[in-house]
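Shown next: run.pdb, containing PDB, C-alpha atoms.
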MODEL        1
ATOM      1  CA  MET A   1      65.684 104.365 131.581  1.00  0.00           C
ATOM      2  CA  VAL A   2      64.306 107.159 129.410  1.00  0.00           C
ATOM      3  CA  LYS A   3      61.069 106.982 127.455  1.00  0.00           C
ATOM      4  CA  LEU A   4      61.481 107.777 123.783  1.00  0.00           C
ATOM      5  CA  THR A   5      59.555 110.993 123.283  1.00  0.00           C
ATOM      6  CA  ALA A   6      59.045 113.476 120.487  1.00  0.00           C
ATOM      7  CA  ASP A   7      61.321 115.878 122.388  1.00  0.00           C
ATOM      8  CA  ILE A   8      64.199 113.361 122.469  1.00  0.00           C
ATOM      9  CA  ILE A   9      63.731 112.700 118.748  1.00  0.00           C
ATOM     10  CA  GLU A  10      63.804 116.423 117.980  1.00  0.00           C
ATOM     11  CA  ARG A  11      66.950 116.997 120.070  1.00  0.00           C
ATOM     12  CA  SER A  12      68.876 113.974 118.728  1.00  0.00           C
ATOM     13  CA  PRO A  13      71.498 114.325 115.963  1.00  0.00           C
ATOM     14  CA  GLN A  14      70.032 114.286 112.446  1.00  0.00           C
ATOM     15  CA  PHE A  15      72.402 114.312 109.502  1.00  0.00           C
ATOM     16  CA  MET A  16      73.279 113.105 106.019  1.00  0.00           C
ATOM     17  CA  ASN A  17      75.552 110.095 106.477  1.00  0.00           C
ATOM     18  CA  PRO A  18      78.450 109.086 104.146  1.00  0.00           C
ATOM     19  CA  ALA A  19      76.057 106.894 102.136  1.00  0.00           C
ATOM     20  CA  ARG A  20      73.982 110.019 101.402  1.00  0.00           C
ATOM     21  CA  GLU A  21      71.114 108.772 103.578  1.00  0.00           C
ATOM     22  CA  TYR A  22      69.304 110.958 106.097  1.00  0.00           C
ATOM     23  CA  GLU A  23      69.995 109.446 109.530  1.00  0.00           C
ATOM     24  CA  LEU A  24      68.581 109.856 113.042  1.00  0.00           C
ATOM     25  CA  ASP A  25      71.012 109.041 115.853  1.00  0.00           C
ATOM     26  CA  LEU A  26      69.255 107.770 119.020  1.00  0.00           C
ATOM     27  CA  ARG A  27      72.273 105.999 120.522  1.00  0.00           C
ATOM     28  CA  LEU A  28      73.032 105.934 124.253  1.00  0.00           C
ATOM     29  CA  ASN A  29      69.687 107.219 125.504  1.00  0.00           C
ATOM     30  CA  LYS A  30      68.809 104.203 127.728  1.00  0.00           C
ATOM     31  CA  ILE A  31      65.593 103.813 125.711  1.00  0.00           C
ATOM     32  CA  PRO A  32      63.602 100.747 126.912  1.00  0.00           C
ATOM     33  CA  ALA A  33      61.100 100.539 124.036  1.00  0.00           C
ATOM     34  CA  ILE A  34      60.567 101.745 120.488  1.00  0.00           C
ATOM     35  CA  GLU A  35      57.669 104.220 120.459  1.00  0.00           C
ATOM     36  CA  ASN A  36      56.501 107.646 119.303  1.00  0.00           C
ATOM     37  CA  LEU A  37      58.384 107.428 115.999  1.00  0.00           C
ATOM     38  CA  GLY A  38      55.491 109.140 114.281  1.00  0.00           C
ATOM     39  CA  ALA A  39      57.295 112.291 115.445  1.00  0.00           C
ATOM     40  CA  THR A  40      59.985 111.600 112.816  1.00  0.00           C
ATOM     41  CA  LEU A  41      57.424 112.408 110.090  1.00  0.00           C
ATOM     42  CA  ASP A  42      58.968 109.551 108.087  1.00  0.00           C
ATOM     43  CA  GLN A  43      61.987 111.681 107.156  1.00  0.00           C
ATOM     44  CA  PHE A  44      64.779 109.151 107.738  1.00  0.00           C
ATOM     45  CA  GLU A  45      66.307 106.331 105.749  1.00  0.00           C
ATOM     46  CA  VAL A  46      68.412 105.234 108.730  1.00  0.00           C
ATOM     47  CA  ILE A  47      67.653 105.159 112.470  1.00  0.00           C
ATOM     48  CA  ASP A  48      70.389 104.179 114.919  1.00  0.00           C
ATOM     49  CA  PHE A  49      69.084 102.661 118.184  1.00  0.00           C
ATOM     50  CA  SER A  50      72.434 101.163 119.240  1.00  0.00           C
ATOM     51  CA  ASP A  51      73.487 101.038 122.903  1.00  0.00           C
ATOM     52  CA  ASN A  52      70.051 101.358 124.494  1.00  0.00           C
ATOM     53  CA  GLU A  53      67.888  99.059 126.669  1.00  0.00           C
ATOM     54  CA  ILE A  54      65.343  97.936 124.041  1.00  0.00           C
ATOM     55  CA  LYS A  55      63.841  94.473 124.650  1.00  0.00           C
ATOM     56  CA  ARG A  56      61.463  94.010 121.707  1.00  0.00           C
ATOM     57  CA  LEU A  57      61.734  94.775 118.012  1.00  0.00           C
ATOM     58  CA  ASP A  58      58.311  96.324 117.559  1.00  0.00           C
ATOM     59  CA  GLY A  59      56.455  99.597 118.108  1.00  0.00           C
ATOM     60  CA  PHE A  60      57.031 101.158 114.688  1.00  0.00           C
ATOM     61  CA  PRO A  61      54.392 103.240 112.933  1.00  0.00           C
ATOM     62  CA  LEU A  62      54.213 103.101 109.145  1.00  0.00           C
ATOM     63  CA  LEU A  63      57.604 104.372 107.921  1.00  0.00           C
ATOM     64  CA  ASN A  64      57.838 104.011 104.144  1.00  0.00           C
ATOM     65  CA  ARG A  65      61.176 105.759 103.878  1.00  0.00           C
ATOM     66  CA  LEU A  66      63.117 103.729 106.472  1.00  0.00           C
ATOM     67  CA  ARG A  67      65.714 101.401 104.938  1.00  0.00           C
ATOM     68  CA  THR A  68      68.133 100.595 107.785  1.00  0.00           C
ATOM     69  CA  ILE A  69      67.859 100.158 111.558  1.00  0.00           C
ATOM     70  CA  TYR A  70      70.865  99.676 113.818  1.00  0.00           C
ATOM     71  CA  LEU A  71      70.034  97.913 117.091  1.00  0.00           C
ATOM     72  CA  SER A  72      73.349  96.514 118.313  1.00  0.00           C
ATOM     73  CA  ASN A  73      74.044  96.354 122.052  1.00  0.00           C
ATOM     74  CA  ASN A  74      70.452  96.272 123.280  1.00  0.00           C
ATOM     75  CA  ARG A  75      68.476  93.549 125.090  1.00  0.00           C
ATOM     76  CA  ILE A  76      66.158  92.471 122.290  1.00  0.00           C
ATOM     77  CA  ASN A  77      64.724  88.987 122.807  1.00  0.00           C
ATOM     78  CA  LYS A  78      61.594  89.155 120.666  1.00  0.00           C
ATOM     79  CA  VAL A  79      60.787  90.192 117.080  1.00  0.00           C
ATOM     80  CA  ALA A  80      57.265  91.246 116.102  1.00  0.00           C
ATOM     81  CA  ALA A  81      55.681  88.994 113.469  1.00  0.00           C
ATOM     82  CA  ASP A  82      54.165  91.989 111.636  1.00  0.00           C
ATOM     83  CA  LEU A  83      57.293  94.143 111.452  1.00  0.00           C
ATOM     84  CA  GLY A  84      57.147  94.326 107.653  1.00  0.00           C
ATOM     85  CA  GLU A  85      53.697  95.900 107.707  1.00  0.00           C
ATOM     86  CA  SER A  86      55.150  98.968 109.421  1.00  0.00           C
ATOM     87  CA  LEU A  87      58.466  98.963 107.540  1.00  0.00           C
ATOM     88  CA  PRO A  88      57.617  97.874 103.973  1.00  0.00           C
ATOM     89  CA  HIS A  89      60.947  98.992 102.435  1.00  0.00           C
ATOM     90  CA  LEU A  90      63.348  97.962 105.204  1.00  0.00           C
ATOM     91  CA  GLU A  91      66.540  96.450 103.783  1.00  0.00           C
ATOM     92  CA  GLU A  92      68.988  96.121 106.681  1.00  0.00           C
ATOM     93  CA  ILE A  93      68.718  95.165 110.374  1.00  0.00           C
ATOM     94  CA  ASN A  94      71.729  95.017 112.670  1.00  0.00           C
ATOM     95  CA  LEU A  95      70.882  93.034 115.815  1.00  0.00           C
ATOM     96  CA  THR A  96      74.460  92.327 116.897  1.00  0.00           C
ATOM     97  CA  ASN A  97      74.876  91.633 120.620  1.00  0.00           C
ATOM     98  CA  ASN A  98      71.278  91.188 121.719  1.00  0.00           C
ATOM     99  CA  ASN A  99      69.386  88.274 123.264  1.00  0.00           C
ATOM    100  CA  ILE A 100      67.585  86.640 120.341  1.00  0.00           C
ATOM    101  CA  CYS A 101      67.374  82.976 121.356  1.00  0.00           C
ATOM    102  CA  ASP A 102      64.774  81.394 119.084  1.00  0.00           C
ATOM    103  CA  LEU A 103      64.625  80.491 115.409  1.00  0.00           C
ATOM    104  CA  SER A 104      60.955  81.459 115.582  1.00  0.00           C
ATOM    105  CA  ASP A 105      62.096  85.081 115.727  1.00  0.00           C
ATOM    106  CA  ILE A 106      63.978  84.535 112.473  1.00  0.00           C
ATOM    107  CA  VAL A 107      60.685  83.263 111.044  1.00  0.00           C
ATOM    108  CA  ASN A 108      58.983  86.460 112.251  1.00  0.00           C
ATOM    109  CA  LEU A 109      61.324  88.464 110.005  1.00  0.00           C
ATOM    110  CA  LYS A 110      59.675  86.874 106.948  1.00  0.00           C
ATOM    111  CA  SER A 111      57.196  89.755 107.008  1.00  0.00           C
ATOM    112  CA  VAL A 112      60.070  92.077 105.999  1.00  0.00           C
ATOM    113  CA  SER A 113      59.983  91.038 102.354  1.00  0.00           C
ATOM    114  CA  SER A 114      62.602  93.602 101.250  1.00  0.00           C
ATOM    115  CA  LEU A 115      65.265  92.532 103.786  1.00  0.00           C
ATOM    116  CA  LYS A 116      68.743  92.159 102.234  1.00  0.00           C
ATOM    117  CA  ALA A 117      71.171  92.312 105.178  1.00  0.00           C
ATOM    118  CA  LEU A 118      70.832  90.906 108.705  1.00  0.00           C
ATOM    119  CA  SER A 119      73.259  90.498 111.585  1.00  0.00           C
ATOM    120  CA  CYS A 120      72.476  88.333 114.603  1.00  0.00           C
ATOM    121  CA  LEU A 121      76.081  87.970 115.727  1.00  0.00           C
ATOM    122  CA  LYS A 122      76.540  87.636 119.504  1.00  0.00           C
ATOM    123  CA  ASN A 123      72.965  86.396 119.984  1.00  0.00           C
ATOM    124  CA  PRO A 124      72.267  82.932 121.467  1.00  0.00           C
ATOM    125  CA  VAL A 125      70.348  81.929 118.335  1.00  0.00           C
ATOM    126  CA  VAL A 126      73.540  81.706 116.247  1.00  0.00           C
ATOM    127  CA  SER A 127      74.596  78.643 118.267  1.00  0.00           C
ATOM    128  CA  LYS A 128      71.505  76.718 117.133  1.00  0.00           C
ATOM    129  CA  PRO A 129      72.244  73.783 114.802  1.00  0.00           C
ATOM    130  CA  ASP A 130      71.866  74.829 111.157  1.00  0.00           C
ATOM    131  CA  TYR A 131      71.122  78.449 112.162  1.00  0.00           C
ATOM    132  CA  ARG A 132      72.740  79.862 109.030  1.00  0.00           C
ATOM    133  CA  LEU A 133      71.062  77.457 106.592  1.00  0.00           C
ATOM    134  CA  PHE A 134      67.732  77.889 108.389  1.00  0.00           C
ATOM    135  CA  THR A 135      67.982  81.677 108.112  1.00  0.00           C
ATOM    136  CA  ILE A 136      69.039  81.610 104.459  1.00  0.00           C
ATOM    137  CA  HIS A 137      66.072  79.392 103.574  1.00  0.00           C
ATOM    138  CA  THR A 138      63.582  81.335 105.722  1.00  0.00           C
ATOM    139  CA  LEU A 139      64.632  84.758 104.414  1.00  0.00           C
ATOM    140  CA  PRO A 140      65.368  84.193 100.702  1.00  0.00           C
ATOM    141  CA  THR A 141      65.807  87.909  99.947  1.00  0.00           C
ATOM    142  CA  LEU A 142      68.952  88.090 102.116  1.00  0.00           C
ATOM    143  CA  THR A 143      72.262  88.621 100.359  1.00  0.00           C
ATOM    144  CA  LEU A 144      74.334  89.299 103.493  1.00  0.00           C
ATOM    145  CA  LEU A 145      74.042  87.377 106.791  1.00  0.00           C
ATOM    146  CA  ASP A 146      76.212  88.216 109.794  1.00  0.00           C
ATOM    147  CA  PHE A 147      78.470  90.333 107.551  1.00  0.00           C
ATOM    148  CA  ARG A 148      79.154  87.368 105.250  1.00  0.00           C
ATOM    149  CA  LYS A 149      77.890  87.253 101.703  1.00  0.00           C
ATOM    150  CA  ILE A 150      75.524  84.351 101.087  1.00  0.00           C
ATOM    151  CA  LYS A 151      77.008  81.947  98.539  1.00  0.00           C
ATOM    152  CA  GLN A 152      75.053  80.003  95.947  1.00  0.00           C
ATOM    153  CA  GLU A 153      76.320  76.777  97.515  1.00  0.00           C
ATOM    154  CA  GLU A 154      74.751  77.823 100.825  1.00  0.00           C
ATOM    155  CA  ARG A 155      71.421  78.513  99.144  1.00  0.00           C
ATOM    156  CA  GLN A 156      71.504  75.056  97.583  1.00  0.00           C
ATOM    157  CA  ALA A 157      72.390  73.419 100.902  1.00  0.00           C
ATOM    158  CA  ALA A 158      69.575  75.345 102.646  1.00  0.00           C
ATOM    159  CA  LYS A 159      67.093  74.261  99.976  1.00  0.00           C
ATOM    160  CA  LYS A 160      68.203  70.660 100.265  1.00  0.00           C
ATOM    161  CA  LYS A 161      67.790  70.661 104.036  1.00  0.00           C
ATOM    162  CA  PHE A 162      64.624  72.721 104.431  1.00  0.00           C
ATOM    163  CA  GLY A 163      62.997  72.729 100.976  1.00  0.00           C
ATOM    164  CA  GLY A 164      60.305  70.443  99.588  1.00  0.00           C
ATOM    165  CA  ALA A 165      57.755  68.475 101.557  1.00  0.00           C
ATOM    166  CA  LYS A 166      60.387  66.589 103.544  1.00  0.00           C
ATOM    167  CA  GLY A 167      62.351  69.747 104.332  1.00  0.00           C
ATOM    168  CA  LYS A 168      59.206  71.604 105.306  1.00  0.00           C
ATOM    169  CA  LYS A 169      58.335  68.824 107.738  1.00  0.00           C
ATOM    170  CA  HIS A 170      61.873  68.901 109.148  1.00  0.00           C
ATOM    171  CA  LYS A 171      61.683  72.680 109.581  1.00  0.00           C
ATOM    172  CA  ALA A 172      58.359  72.396 111.427  1.00  0.00           C
ATOM    173  CA  GLY A 173      59.906  69.737 113.638  1.00  0.00           C
ATOM    174  CA  VAL A 174      62.848  72.007 114.485  1.00  0.00           C
ATOM    175  CA  LEU A 175      60.483  74.802 115.528  1.00  0.00           C
ATOM    176  CA  GLU A 176      58.265  72.420 117.527  1.00  0.00           C
ATOM    177  CA  ALA A 177      61.300  71.005 119.342  1.00  0.00           C
ATOM    178  CA  GLU A 178      62.446  74.540 120.136  1.00  0.00           C
ATOM    179  CA  LYS A 179      59.014  75.399 121.497  1.00  0.00           C
ATOM    180  CA  ALA A 180      58.903  72.258 123.643  1.00  0.00           C
ATOM    181  CA  GLU A 181      62.404  72.916 124.968  1.00  0.00           C
ATOM    182  CA  LYS A 182      61.401  76.435 125.903  1.00  0.00           C
ATOM    183  CA  LEU A 183      58.258  75.235 127.693  1.00  0.00           C
ATOM    184  CA  ASN A 184      60.193  72.566 129.583  1.00  0.00           C
ATOM    185  CA  GLY A 185      62.822  75.123 130.545  1.00  0.00           C
ATOM    186  CA  SER A 186      60.149  77.481 131.865  1.00  0.00           C
ATOM    187  CA  ALA A 187      58.528  74.665 133.853  1.00  0.00           C
ATOM    188  CA  ALA A 188      61.862  73.645 135.356  1.00  0.00           C
ATOM    189  CA  THR A 189      62.706  77.232 136.251  1.00  0.00           C
ATOM    190  CA  THR A 190      59.320  77.608 137.923  1.00  0.00           C
ATOM    191  CA  ALA A 191      59.569  74.295 139.760  1.00  0.00           C
ATOM    192  CA  LYS A 192      63.055  74.727 141.177  1.00  0.00           C
ATOM    193  CA  PRO A 193      62.395  77.821 143.316  1.00  0.00           C
ATOM    194  CA  ALA A 194      59.197  76.199 144.633  1.00  0.00           C
ATOM    195  CA  ALA A 195      61.125  73.223 146.028  1.00  0.00           C
ATOM    196  CA  ALA A 196      63.687  75.263 147.938  1.00  0.00           C
ATOM    197  CA  PRO A 197      61.328  76.878 150.471  1.00  0.00           C
ATOM    198  CA  ALA A 198      59.977  73.436 151.425  1.00  0.00           C
ATOM    199  CA  LYS A 199      63.447  72.330 152.540  1.00  0.00           C
ATOM    200  CA  VAL A 200      64.024  75.551 154.401  1.00  0.00           C
ATOM    201  CA  ASP A 201      60.637  75.332 156.119  1.00  0.00           C
ATOM    202  CA  ALA A 202      61.199  71.712 157.173  1.00  0.00           C
ATOM    203  CA  ALA A 203      64.591  72.552 158.617  1.00  0.00           C
ATOM    204  CA  ARG A 204      63.195  75.566 160.398  1.00  0.00           C
ATOM    205  CA  LEU A 205      60.346  73.516 161.904  1.00  0.00           C
ATOM    206  CA  ALA A 206      62.867  71.000 163.222  1.00  0.00           C
ATOM    207  CA  GLU A 207      64.873  73.831 164.794  1.00  0.00           C
ATOM    208  CA  ILE A 208      61.748  75.250 166.442  1.00  0.00           C
ATOM    209  CA  GLU A 209      60.928  71.842 167.930  1.00  0.00           C
ATOM    210  CA  ARG A 210      64.437  71.575 169.333  1.00  0.00           C
ATOM    211  CA  ILE A 211      64.159  75.054 170.832  1.00  0.00           C
ATOM    212  CA  LYS A 212      60.801  74.209 172.428  1.00  0.00           C
ATOM    213  CA  GLN A 213      62.222  70.986 173.829  1.00  0.00           C
ATOM    214  CA  ALA A 214      65.294  72.735 175.239  1.00  0.00           C
ATOM    215  CA  ILE A 215      63.176  75.405 176.937  1.00  0.00           C
ATOM    216  CA  ALA A 216      60.781  72.771 178.286  1.00  0.00           C
ATOM    217  CA  ASN A 217      63.696  70.845 179.780  1.00  0.00           C
ATOM    218  CA  ALA A 218      65.306  73.928 181.327  1.00  0.00           C
ATOM    219  CA  THR A 219      65.304  73.616 185.146  1.00  0.00           C
ATOM    220  CA  THR A 220      66.703  76.981 186.188  1.00  0.00           C
ATOM    221  CA  LEU A 221      66.226  80.635 185.269  1.00  0.00           C
ATOM    222  CA  GLU A 222      69.932  80.800 184.450  1.00  0.00           C
ATOM    223  CA  GLU A 223      69.552  78.009 181.898  1.00  0.00           C
ATOM    224  CA  VAL A 224      66.534  79.729 180.289  1.00  0.00           C
ATOM    225  CA  MET A 225      68.489  82.979 180.017  1.00  0.00           C
ATOM    226  CA  ARG A 226      71.444  81.123 178.490  1.00  0.00           C
ATOM    227  CA  LEU A 227      69.128  79.595 175.877  1.00  0.00           C
ATOM    228  CA  GLU A 228      67.666  83.000 175.032  1.00  0.00           C
ATOM    229  CA  GLU A 229      71.151  84.457 174.549  1.00  0.00           C
ATOM    230  CA  GLN A 230      72.056  81.585 172.240  1.00  0.00           C
ATOM    231  CA  LEU A 231      68.912  82.103 170.184  1.00  0.00           C
ATOM    232  CA  LYS A 232      69.587  85.836 169.853  1.00  0.00           C
ATOM    233  CA  ALA A 233      73.031  84.950 168.547  1.00  0.00           C
ATOM    234  CA  GLY A 234      71.495  82.543 166.022  1.00  0.00           C
ATOM    235  CA  VAL A 235      72.738  79.408 167.778  1.00  0.00           C
ATOM    236  CA  VAL A 236      70.306  76.503 167.916  1.00  0.00           C
ATOM    237  CA  PRO A 237      70.603  74.448 171.123  1.00  0.00           C
ATOM    238  CA  GLY A 238      72.613  71.331 170.401  1.00  0.00           C
ATOM    239  CA  ASN A 239      74.533  73.003 167.530  1.00  0.00           C
ATOM    240  CA  GLU A 240      77.057  74.840 169.699  1.00  0.00           C
ATOM    241  CA  MET A 241      80.676  74.355 168.758  1.00  0.00           C
ATOM    242  CA  PRO A 242      82.631  72.734 171.613  1.00  0.00           C
ATOM    243  CA  SER A 243      85.025  74.994 173.452  1.00  0.00           C
ATOM    244  CA  PRO A 244      88.655  74.412 172.428  1.00  0.00           C
ATOM    245  CA  ALA A 245      89.553  74.027 176.106  1.00  0.00           C
ATOM    246  CA  HIS A 246      87.191  71.044 176.488  1.00  0.00           C
ATOM    247  CA  ASN A 247      87.385  69.224 173.181  1.00  0.00           C
ATOM    248  CA  GLY A 248      89.981  66.697 174.261  1.00  0.00           C
ATOM    249  CA  ASP A 249      92.865  68.480 172.557  1.00  0.00           C
ATOM    250  CA  VAL A 250      95.897  69.752 174.445  1.00  0.00           C
ATOM    251  CA  GLU A 251      96.018  73.545 174.530  1.00  0.00           C
ATOM    252  CA  MET A 252      99.155  75.255 173.292  1.00  0.00           C
ATOM    253  CA  GLU A 253     100.961  77.182 175.974  1.00  0.00           C
TER
ENDMDL
END

Rewritten as structure tokens:
Amino acid sequence: MVKLTADIIERSPQFMNPAREYELDLRLNKIPAIENLGATLDQFEVIDFSDNEIKRLDGFPLLNRLRTIYLSNNRINKVAADLGESLPHLEEINLTNNNICDLSDIVNLKSVSSLKALSCLKNPVVSKPDYRLFTIHTLPTLTLLDFRKIKQEERQAAKKKFGGAKGKKHKAGVLEAEKAEKLNGSAATTAKPAAAPAKVDAARLAEIERIKQAIANATTLEEVMRLEEQLKAGVVPGNEMPSPAHNGDVEME
């Protein structure tokens, strides 16, 4: 991965795009984090971060001129809650094909009060129940979500589901349930690996006892040597496969 430096910014393509916006192209640089954008001197309306290794949507200095950021095909799983403070005039965010999982990250985009277009396609969050209505209600300035124009009927449905005192309570419950699910998932993930070594250790202790017993019962040097050879080969005494010639089957001539 390559750290985003002032030198990379200076060497990257800078051009007037078809929409007559000044654009900085930072695609395909294996950038792991957004940083050092003060080197842009706030010259760009569009910055393209597509096809990098970015994990968090944060790290921006104050960029008054920036209107659009393209972030498709990264690894973003977290959105900063104060993003709008750094990007007060941001209107479009393309997060297609990232790893946004939580509706709480949609809530974090509320700070971007000028946001008009958002894409979260190919992110786990889009599979959440009522994702679209939740997003429409949470970000009322949006006119385009996942490349689909927001209809008046959708706004009304979002208001009915998440508006008013009852809707507000329901929305809080959705976020609390998400948080609890995430905590339980983390606890389960932590607990499962911890249980596995215990089984392995118990099995290994049993094997060691069997080895000790076999060596203790050995009566000749030849038998001790045979046991050592078996152990070197990874065979625990008592686990040897019977020889085909002595397993009661008739050998094929």

Inset, instruction - Would you please work out which residue, of A:Gln152, A:Asn108, A:Asn29, A:Asn77, is nearest to Asn52 in chain A when using all atoms listed in the file? - result: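 Checking each candidate against Asn52 in chain A, we get A:Asn29 as the closest.
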
Legend entry - Separation of CA of Thr141 in chain A from CA of Lys160 in chain A in Å: 17.4 Å

Inset, instruction - Pick out the residues sitting within 6 Å of range 110-127 of chain A, and hand them over as a ChimeraX atom specification; count all atoms listed in the file, and ignore anything fewer than 5 positions along from it in its own chain. - result: /A:82,84,89-102,139,141-146

Legend entry - Interatomic distance (Å, one decimal) between CA of Arg20 in chain A and CA of Ile34 in chain A: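 Value for the CA of Arg20 in chain A-CA of Ile34 in chain A distance: 24.8 Å.
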
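CA of Leu62 in chain A to CA of Lys3 in chain A spans 19.9 Å [interatomic distance, one decimal].
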
Residue IDs satisfying the PyMOL selection byres ((chain A and resi 173-175) around 12), as a short mmCIF file (atom, residue, chain, number, x, y, z; two decimals) with C-alpha atoms, keeping the file's coordinate frame:
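This went into expr.cif:
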data_model
loop_
_atom_site.label_atom_id
_atom_site.label_comp_id
_atom_site.auth_asym_id
_atom_site.auth_seq_id
_atom_site.Cartn_x
_atom_site.Cartn_y
_atom_site.Cartn_z
CA ASP A 102 64.77 81.39 119.08
CA LEU A 103 64.62 80.49 115.41
CA SER A 104 60.96 81.46 115.58
CA ASP A 105 62.10 85.08 115.73
CA ILE A 106 63.98 84.54 112.47
CA VAL A 107 60.68 83.26 111.04
CA LYS A 128 71.50 76.72 117.13
CA PRO A 129 72.24 73.78 114.80
CA ASP A 130 71.87 74.83 111.16
CA TYR A 131 71.12 78.45 112.16
CA PHE A 134 67.73 77.89 108.39
CA LYS A 161 67.79 70.66 104.04
CA PHE A 162 64.62 72.72 104.43
CA LYS A 166 60.39 66.59 103.54
CA GLY A 167 62.35 69.75 104.33
CA LYS A 168 59.21 71.60 105.31
CA LYS A 169 58.34 68.82 107.74
CA HIS A 170 61.87 68.90 109.15
CA LYS A 171 61.68 72.68 109.58
CA ALA A 172 58.36 72.40 111.43
CA GLU A 176 58.26 72.42 117.53
CA ALA A 177 61.30 71.00 119.34
CA GLU A 178 62.45 74.54 120.14
CA LYS A 179 59.01 75.40 121.50
CA ALA A 180 58.90 72.26 123.64
CA GLU A 181 62.40 72.92 124.97
CA LYS A 182 61.40 76.44 125.90
#

Where's the centre, and what are the edge lengths in Å to one decimal, of a box along x, y and z enclosing all listed atoms of range 171-181 of chain A padded 5 Å per side, as lines of an AutoDock Vina configuration file?
center_x = 60.6
center_y = 72.6
center_z = 117.3
size_x = 14.6
size_y = 15.7
size_z = 25.4

Legend entry - Counting only C-alpha atoms, the residue of A:Arg11, A:His137, A:Arg67, A:Lys78 that sits nearest Ile150 in chain A: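 Among the listed residues, the smallest separation from Ile150 in chain A belongs to A:His137.
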
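Distance annotation: of A:Glu85, A:Glu10, A:Glu154, A:Glu21, the residue with the minimal separation from Gly38 in chain A is A:Glu10; atom set is all atoms listed in the file.
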
To verify the selection step, state as an mmCIF file with C-alpha atoms, in the frame of the given file which residues the PyMOL selection byres ((chain A and resi 33) around 10) yields on this input.
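Saved file part-v7.cif follows:
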data_model
loop_
_atom_site.group_PDB
_atom_site.id
_atom_site.type_symbol
_atom_site.label_atom_id
_atom_site.label_comp_id
_atom_site.auth_asym_id
_atom_site.auth_seq_id
_atom_site.Cartn_x
_atom_site.Cartn_y
_atom_site.Cartn_z
ATOM 1 C CA MET A 1 65.684 104.365 131.581
ATOM 2 C CA VAL A 2 64.306 107.159 129.410
ATOM 3 C CA LYS A 3 61.069 106.982 127.455
ATOM 4 C CA LEU A 4 61.481 107.777 123.783
ATOM 5 C CA LYS A 30 68.809 104.203 127.728
ATOM 6 C CA ILE A 31 65.593 103.813 125.711
ATOM 7 C CA PRO A 32 63.602 100.747 126.912
ATOM 8 C CA ILE A 34 60.567 101.745 120.488
ATOM 9 C CA GLU A 35 57.669 104.220 120.459
ATOM 10 C CA ASN A 36 56.501 107.646 119.303
ATOM 11 C CA ASN A 52 70.051 101.358 124.494
ATOM 12 C CA GLU A 53 67.888 99.059 126.669
ATOM 13 C CA ILE A 54 65.343 97.936 124.041
ATOM 14 C CA LYS A 55 63.841 94.473 124.650
ATOM 15 C CA ARG A 56 61.463 94.010 121.707
ATOM 16 C CA LEU A 57 61.734 94.775 118.012
ATOM 17 C CA ASP A 58 58.311 96.324 117.559
ATOM 18 C CA GLY A 59 56.455 99.597 118.108
ATOM 19 C CA ILE A 76 66.158 92.471 122.290
#

Could you add whatever atoms are missing so that range 75-83 of chain A carries N, CA, C and O atoms, then write the result as an mmCIF file, keeping the file's coordinate frame?
data_model
loop_
_atom_site.group_PDB
_atom_site.id
_atom_site.type_symbol
_atom_site.label_atom_id
_atom_site.label_comp_id
_atom_site.auth_asym_id
_atom_site.auth_seq_id
_atom_site.Cartn_x
_atom_site.Cartn_y
_atom_site.Cartn_z
ATOM 1 N N ARG A 75 68.874 94.774 124.372
ATOM 2 C CA ARG A 75 68.476 93.549 125.090
ATOM 3 C C ARG A 75 67.336 92.836 124.364
ATOM 4 O O ARG A 75 66.524 92.161 124.981
ATOM 5 N N ILE A 76 67.293 92.968 123.072
ATOM 6 C CA ILE A 76 66.158 92.471 122.290
ATOM 7 C C ILE A 76 66.086 90.946 122.343
ATOM 8 O O ILE A 76 67.063 90.251 122.048
ATOM 9 N N ASN A 77 64.926 90.432 122.755
ATOM 10 C CA ASN A 77 64.724 88.987 122.807
ATOM 11 C C ASN A 77 63.475 88.542 122.049
ATOM 12 O O ASN A 77 63.134 87.362 122.053
ATOM 13 N N LYS A 78 62.813 89.499 121.396
ATOM 14 C CA LYS A 78 61.594 89.155 120.666
ATOM 15 C C LYS A 78 61.438 90.071 119.458
ATOM 16 O O LYS A 78 61.662 91.273 119.533
ATOM 17 N N VAL A 79 61.031 89.453 118.312
ATOM 18 C CA VAL A 79 60.787 90.192 117.080
ATOM 19 C C VAL A 79 59.314 90.099 116.734
ATOM 20 O O VAL A 79 58.739 89.001 116.708
ATOM 21 N N ALA A 80 58.688 91.234 116.463
ATOM 22 C CA ALA A 80 57.265 91.246 116.102
ATOM 23 C C ALA A 80 57.052 90.538 114.765
ATOM 24 O O ALA A 80 57.827 90.718 113.828
ATOM 25 N N ALA A 81 55.973 89.756 114.687
ATOM 26 C CA ALA A 81 55.681 88.994 113.469
ATOM 27 C C ALA A 81 55.172 89.880 112.333
ATOM 28 O O ALA A 81 55.198 89.471 111.172
ATOM 29 N N ASP A 82 54.729 91.089 112.659
ATOM 30 C CA ASP A 82 54.165 91.989 111.636
ATOM 31 C C ASP A 82 55.067 93.184 111.347
ATOM 32 O O ASP A 82 54.609 94.224 110.885
ATOM 33 N N LEU A 83 56.359 93.028 111.602
ATOM 34 C CA LEU A 83 57.293 94.143 111.452
ATOM 35 C C LEU A 83 57.257 94.733 110.040
ATOM 36 O O LEU A 83 57.305 95.946 109.853
#
